[in-house]
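A short write-up of the structure that comes next.
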Amino acid sequence: MADTSKLQIAIIGAGIAGLGAAIALKHHPAIDVQIYEKAAELKEIGASIALGPNGMRTLERLGVNNALDDEIAFRNKSKYPMIYRHWKTDEIVSTDSHAGEVEYRHLTSRFYRAHLQEALAKHVDPSRIHLSKSFEYVSFDEGTKKLIITFTDGSTATADIILGADGIHSPVRTFFVPTSGTAWTGWVAFRSVFPLSHVAHIKDLPDEANHFWGPDRTLFVSKLGRDLFTVVGSYQADPSAPDALYKDSTWNSDGNVDVLRDFYKDWSPLVRQIIDAVPYTRIYPNAAAHPLETWVLGNGRVTLAGDAAHAHGGAFAAGGSLALDDAWAFAASILHVFPEDATRKPADAEILKALRIYERTRKPHTDRVMGVVHENNVKKLARYSQDSEPETDEQLRARIKSRVDPTWIHEHDVQAAFKQALAGEVADQVVVNGQARL
């Protein structure tokens, strides 16, 4: 039950960003956090997920040390974040490297999504998570000065602040910004997670996270925690083509392993053995949206986190870390204007200031990520179009080696960005017409 005497923060969505934000705020004695999740049970939809050093550091900063354990976090023994192989020869063509000093516990890690969500959920009081609560709309009560959230089942909840962490197709985002809908990029992932025993018999099975690149598709394989293994195939279509395959497919829908095998029938014997051992696959059509003009919505009372804020489409395996950094930055911004020893609740102007600091901390970085992803998608469509010349092996190898260096994403320092945002906010406190602008 929400406590109206405290600062009420309603988080819509119990994914990585939502749980992370709740954890970051839970020690404040005068903040009441409630999470509203549309699912009937707390179960992560998806397969594998990667966290870079920034995400791993944020987990530690949040106190979620159980998620850093080798039991559920798989790290490459070589310490390379990613290893890139050739589709025909299996040879290592290139590797990613960490730019700065990275301690073992912060090395890029792969998780089964359900394991990571479970690790986060252990740090949240279950009574604060309300299931089967699908967001419908928000109104403002002039009498109580509270936001009234209405769910599709007709029930309501009150809040002073709303954090929309409800995913890439966020109903919260589209309620406040109706033009912010997503569009299919044409890329489809075929994901599966299964016991390692299915592939353990394969000679030369990669024992690290590997990304095989071919002329028209890729294949990702990796061990995960608790003796699991993941395979992620891909298919790129022209999203504007009326007859494009998977144009009408839905997220986490049943896939066909025979189709997957056909996609990789001309690849190396090692790849074909791995694909032949895949027991099932599920389809995840990739969607993206344009960057929002602002994350400060609802007259300064509403903001967004995770894919709801930056629907970039899943490139660079960055979504999990971006969500965790969002969660930390949102909480840090709230705690800046409303510290634990505060003697009163923050005024509207202070809440607005907090959301502006949060936006200033995160949006420039995520806008840059979205810009690079969009640029890569345009290049990918051009490369795979029917009018383009087939890529030579030399061109493929050059493309692998000249790929975007993702260290600026995976080693982003959210704490430094927060300090910079605070400094910028102070600089912006200028006098306009004799009045200070917060």
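To be explicit about the labels: the chains of the structure tokens are called A, B, and onward in the order shown, and within each one the residues are counted from 1, while ligands get numbers from 1 in the order they are shown.
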
**OP:** Using only C-alpha atoms, determine which residues lie at most 10 Å from A:Ala40, disregarding the query and same-chain residues fewer than 5 positions distant; provide the list as a PyMOL selection string.
**Re:** chain A and resi 130-134

Can you write just those residues out, N, CA and C atoms, as a PDB file, in the first residue's frame?
```
ATOM      1  N   HIS A 130       3.526  -4.878  -7.799  1.00  0.00           N
ATOM      2  CA  HIS A 130       2.113  -5.169  -8.046  1.00  0.00           C
ATOM      3  C   HIS A 130       1.969  -5.714  -9.471  1.00  0.00           C
ATOM      4  N   LEU A 131       1.572  -6.977  -9.569  1.00  0.00           N
ATOM      5  CA  LEU A 131       1.491  -7.653 -10.856  1.00  0.00           C
ATOM      6  C   LEU A 131       0.114  -7.477 -11.490  1.00  0.00           C
ATOM      7  N   SER A 132       0.047  -7.791 -12.775  1.00  0.00           N
ATOM      8  CA  SER A 132      -1.194  -7.661 -13.563  1.00  0.00           C
ATOM      9  C   SER A 132      -1.719  -6.228 -13.541  1.00  0.00           C
ATOM     10  N   LYS A 133      -0.798  -5.262 -13.555  1.00  0.00           N
ATOM     11  CA  LYS A 133      -1.164  -3.841 -13.571  1.00  0.00           C
ATOM     12  C   LYS A 133      -0.646  -3.222 -14.868  1.00  0.00           C
ATOM     13  N   SER A 134      -1.507  -3.187 -15.845  1.00  0.00           N
ATOM     14  CA  SER A 134      -1.152  -2.669 -17.163  1.00  0.00           C
ATOM     15  C   SER A 134      -1.557  -1.206 -17.271  1.00  0.00           C
TER      16      SER A 134
END
```

Within 12 Å of stretch 195-214 of chain A, which residues of stretch 279-347 of chain A come that close, and what is the closest atom pair and distance in Å for each? Count only C-alpha atoms and give it as CSV.
```
residue,atom,partner,partner_atom,distance
A:Pro279,CA,A:His198,CA,8.0
A:Tyr280,CA,A:His198,CA,11.3
A:Phe316,CA,A:His211,CA,11.7
A:Ala317,CA,A:His211,CA,11.8
```

Subject >> Contact residues around A:Val337 with only C-alpha atoms at 8 Å, ignoring same-chain residues under 6 positions, as a list in words >> reply: Pro346, Glu350, Ile351, Lys353 and Ala354 of chain A

Store the residues picked out above, limited to C-alpha atoms, as a short mmCIF file (atom, residue, chain, number, x, y, z; two decimals), in the first residue's frame.
```cif
data_model
loop_
_atom_site.label_atom_id
_atom_site.label_comp_id
_atom_site.auth_asym_id
_atom_site.auth_seq_id
_atom_site.Cartn_x
_atom_site.Cartn_y
_atom_site.Cartn_z
CA PRO A 346 10.45 18.34 -2.30
CA GLU A 350 12.65 20.71 -6.91
CA ILE A 351 11.13 17.63 -8.53
CA LYS A 353 15.03 20.15 -11.14
CA ALA A 354 15.73 16.50 -10.29
#
```

Original post:
Looking only at the backbone, which of the residues in stretch 167-313 of chain A does DSSP tag as strand (DSSP E or B), as a VMD selection string?
Top reply: chain A and resid 183 to 195 210 to 213 218 to 224 228 to 236 253 to 254 282 to 288 297 302 to 304

Subject >> Nearest to A:Arg105 by atom-to-atom distance, counting only C-alpha atoms, from A:Ala50, A:Ile83, A:Ala67, A:Leu292 >> reply: A:Ala67

Original post:
What does the distance between atom CA of A:Val296 and atom CA of A:Asn376 come to in Å, to one decimal place?
Top reply: 28.1 Å

Original post:
Using only C-alpha atoms, which residues sit within 12 Å of A:Glu118 once same-chain residues fewer than 4 positions away are excluded, as a PyMOL selection string?
Top reply: chain A and resi 14-16+19-20+41-44+64+66-67+72+111-114+122-124+126

Neighbouring residues of A:Arg128 were defined as those with any atom within 10 Å, considering only C-alpha atoms; residues of the same chain fewer than 2 positions away were excluded. Please report them as a tab-separated table (two decimals) with N, CA and C atoms, in the first residue's frame.
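Listing of part-v9.tsv after writing:
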```tsv
chain	number	residue	atom	x	y	z
A	1	MET	N	0.85	-1.19	0.00
A	1	MET	CA	0.00	0.00	0.00
A	1	MET	C	0.89	1.24	0.00
A	2	ALA	N	0.56	2.19	-0.86
A	2	ALA	CA	1.34	3.42	-0.96
A	2	ALA	C	1.13	4.29	0.28
A	10	ALA	N	6.06	6.09	-8.38
A	10	ALA	CA	5.48	4.93	-9.05
A	10	ALA	C	6.36	4.55	-10.23
A	22	ALA	N	14.22	1.07	-8.07
A	22	ALA	CA	13.63	0.79	-6.76
A	22	ALA	C	14.70	0.45	-5.74
A	32	ASP	N	8.51	6.48	-0.82
A	32	ASP	CA	7.71	5.26	-0.96
A	32	ASP	C	7.69	4.87	-2.44
A	33	VAL	N	8.35	3.77	-2.76
A	33	VAL	CA	8.41	3.30	-4.14
A	33	VAL	C	7.47	2.11	-4.32
A	34	GLN	N	6.65	2.19	-5.35
A	34	GLN	CA	5.77	1.09	-5.71
A	34	GLN	C	6.00	0.78	-7.19
A	35	ILE	N	6.08	-0.50	-7.51
A	35	ILE	CA	6.32	-0.94	-8.90
A	35	ILE	C	5.05	-1.60	-9.42
A	36	TYR	N	4.66	-1.21	-10.63
A	36	TYR	CA	3.47	-1.76	-11.26
A	36	TYR	C	3.87	-2.46	-12.55
A	124	VAL	N	14.35	-6.26	-3.65
A	124	VAL	CA	13.13	-5.45	-3.60
A	124	VAL	C	12.08	-6.18	-2.77
A	125	ASP	N	11.48	-5.46	-1.84
A	125	ASP	CA	10.39	-6.03	-1.02
A	125	ASP	C	9.26	-6.46	-1.96
A	126	PRO	N	8.90	-7.75	-1.96
A	126	PRO	CA	7.86	-8.24	-2.88
A	126	PRO	C	6.53	-7.50	-2.73
A	130	HIS	N	3.53	-4.88	-7.80
A	130	HIS	CA	2.11	-5.17	-8.05
A	130	HIS	C	1.97	-5.71	-9.47
A	131	LEU	N	1.57	-6.98	-9.57
A	131	LEU	CA	1.49	-7.65	-10.86
A	131	LEU	C	0.11	-7.48	-11.49
```

Subject >> For atom CA of A:Ser268 and atom CA of A:Gln395, the interatomic separation in Å (one decimal) >> reply: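 Going from atom CA of A:Ser268 over to atom CA of A:Gln395 covers 18.8 Å.
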
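Residues of stretch 14-127 of chain A that DSSP places in alpha helix (DSSP H), based on the backbone of this structure, are A:Ile16, A:Ala17, A:Gly18, A:Leu19, A:Gly20, A:Ala21, A:Ala22, A:Ile23, A:Ala24, A:Leu25, A:Pro53, A:Asn54, A:Gly55, A:Met56, A:Arg57, A:Thr58, A:Leu59, A:Glu60, A:Arg61, A:Leu62, A:Arg113, A:Ala114, A:His115, A:Leu116, A:Gln117, A:Glu118, A:Ala119, A:Leu120, A:Ala121.
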
Preceding selection exported with N, CA and C atoms as a compact mmCIF listing (two decimals), in the first residue's frame:
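Once everything was written out, this is result_23.txt:
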```
# COMPACT_ATOMS: atom_id res chain seq x y z
N ILE A 16 14.69 -4.51 -15.75
CA ILE A 16 15.99 -4.16 -15.18
C ILE A 16 16.02 -2.72 -14.70
N ALA A 17 15.52 -1.79 -15.51
CA ALA A 17 15.54 -0.37 -15.11
C ALA A 17 14.63 -0.13 -13.92
N GLY A 18 13.43 -0.69 -13.94
CA GLY A 18 12.49 -0.47 -12.86
C GLY A 18 12.96 -1.03 -11.53
N LEU A 19 13.44 -2.27 -11.55
CA LEU A 19 13.95 -2.87 -10.32
C LEU A 19 15.20 -2.13 -9.84
N GLY A 20 16.06 -1.75 -10.77
CA GLY A 20 17.28 -1.03 -10.39
C GLY A 20 16.97 0.28 -9.70
N ALA A 21 16.00 1.03 -10.22
CA ALA A 21 15.63 2.31 -9.61
C ALA A 21 15.04 2.10 -8.22
N ALA A 22 14.22 1.07 -8.07
CA ALA A 22 13.63 0.79 -6.76
C ALA A 22 14.70 0.45 -5.74
N ILE A 23 15.70 -0.32 -6.15
CA ILE A 23 16.79 -0.69 -5.25
C ILE A 23 17.58 0.56 -4.83
N ALA A 24 17.84 1.43 -5.79
CA ALA A 24 18.64 2.63 -5.52
C ALA A 24 17.96 3.59 -4.56
N LEU A 25 16.64 3.50 -4.45
CA LEU A 25 15.89 4.44 -3.61
C LEU A 25 15.39 3.83 -2.31
N PRO A 53 31.29 -3.28 -18.55
CA PRO A 53 31.84 -2.85 -17.27
C PRO A 53 30.99 -1.79 -16.58
N ASN A 54 30.36 -0.89 -17.36
CA ASN A 54 29.53 0.13 -16.71
C ASN A 54 28.33 -0.49 -16.01
N GLY A 55 27.68 -1.44 -16.65
CA GLY A 55 26.54 -2.10 -16.02
C GLY A 55 26.94 -2.92 -14.81
N MET A 56 28.09 -3.59 -14.90
CA MET A 56 28.55 -4.40 -13.77
C MET A 56 28.92 -3.51 -12.59
N ARG A 57 29.55 -2.36 -12.87
CA ARG A 57 29.88 -1.43 -11.79
C ARG A 57 28.62 -0.87 -11.13
N THR A 58 27.60 -0.62 -11.95
CA THR A 58 26.36 -0.09 -11.38
C THR A 58 25.66 -1.13 -10.53
N LEU A 59 25.69 -2.39 -10.95
CA LEU A 59 25.14 -3.46 -10.11
C LEU A 59 25.82 -3.44 -8.74
N GLU A 60 27.14 -3.32 -8.74
CA GLU A 60 27.88 -3.29 -7.48
C GLU A 60 27.52 -2.05 -6.67
N ARG A 61 27.38 -0.92 -7.36
CA ARG A 61 27.02 0.34 -6.68
C ARG A 61 25.64 0.22 -6.02
N LEU A 62 24.76 -0.54 -6.64
CA LEU A 62 23.41 -0.74 -6.11
C LEU A 62 23.39 -1.78 -4.99
N ARG A 113 18.62 -13.80 -19.03
CA ARG A 113 17.85 -12.65 -18.53
C ARG A 113 17.10 -12.96 -17.24
N ALA A 114 16.50 -14.14 -17.18
CA ALA A 114 15.72 -14.48 -16.00
C ALA A 114 16.59 -14.51 -14.74
N HIS A 115 17.85 -14.95 -14.90
CA HIS A 115 18.76 -14.99 -13.75
C HIS A 115 19.06 -13.57 -13.25
N LEU A 116 19.29 -12.64 -14.19
CA LEU A 116 19.60 -11.26 -13.80
C LEU A 116 18.40 -10.61 -13.13
N GLN A 117 17.22 -10.80 -13.70
CA GLN A 117 16.03 -10.21 -13.09
C GLN A 117 15.78 -10.79 -11.70
N GLU A 118 15.99 -12.07 -11.57
CA GLU A 118 15.82 -12.73 -10.28
C GLU A 118 16.80 -12.17 -9.24
N ALA A 119 18.05 -11.94 -9.68
CA ALA A 119 19.06 -11.39 -8.77
C ALA A 119 18.68 -9.99 -8.31
N LEU A 120 18.14 -9.17 -9.21
CA LEU A 120 17.69 -7.83 -8.83
C LEU A 120 16.48 -7.89 -7.90
N ALA A 121 15.53 -8.75 -8.24
CA ALA A 121 14.27 -8.83 -7.48
C ALA A 121 14.50 -9.21 -6.02
```

**OP:** Write out as a VMD selection string which residues come within 9 Å of A:Tyr384 when counting only C-alpha atoms, dropping same-chain ones fewer than 5 positions away.
**Re:** chain A and resid 215 to 216 236 to 238 379 389 to 390
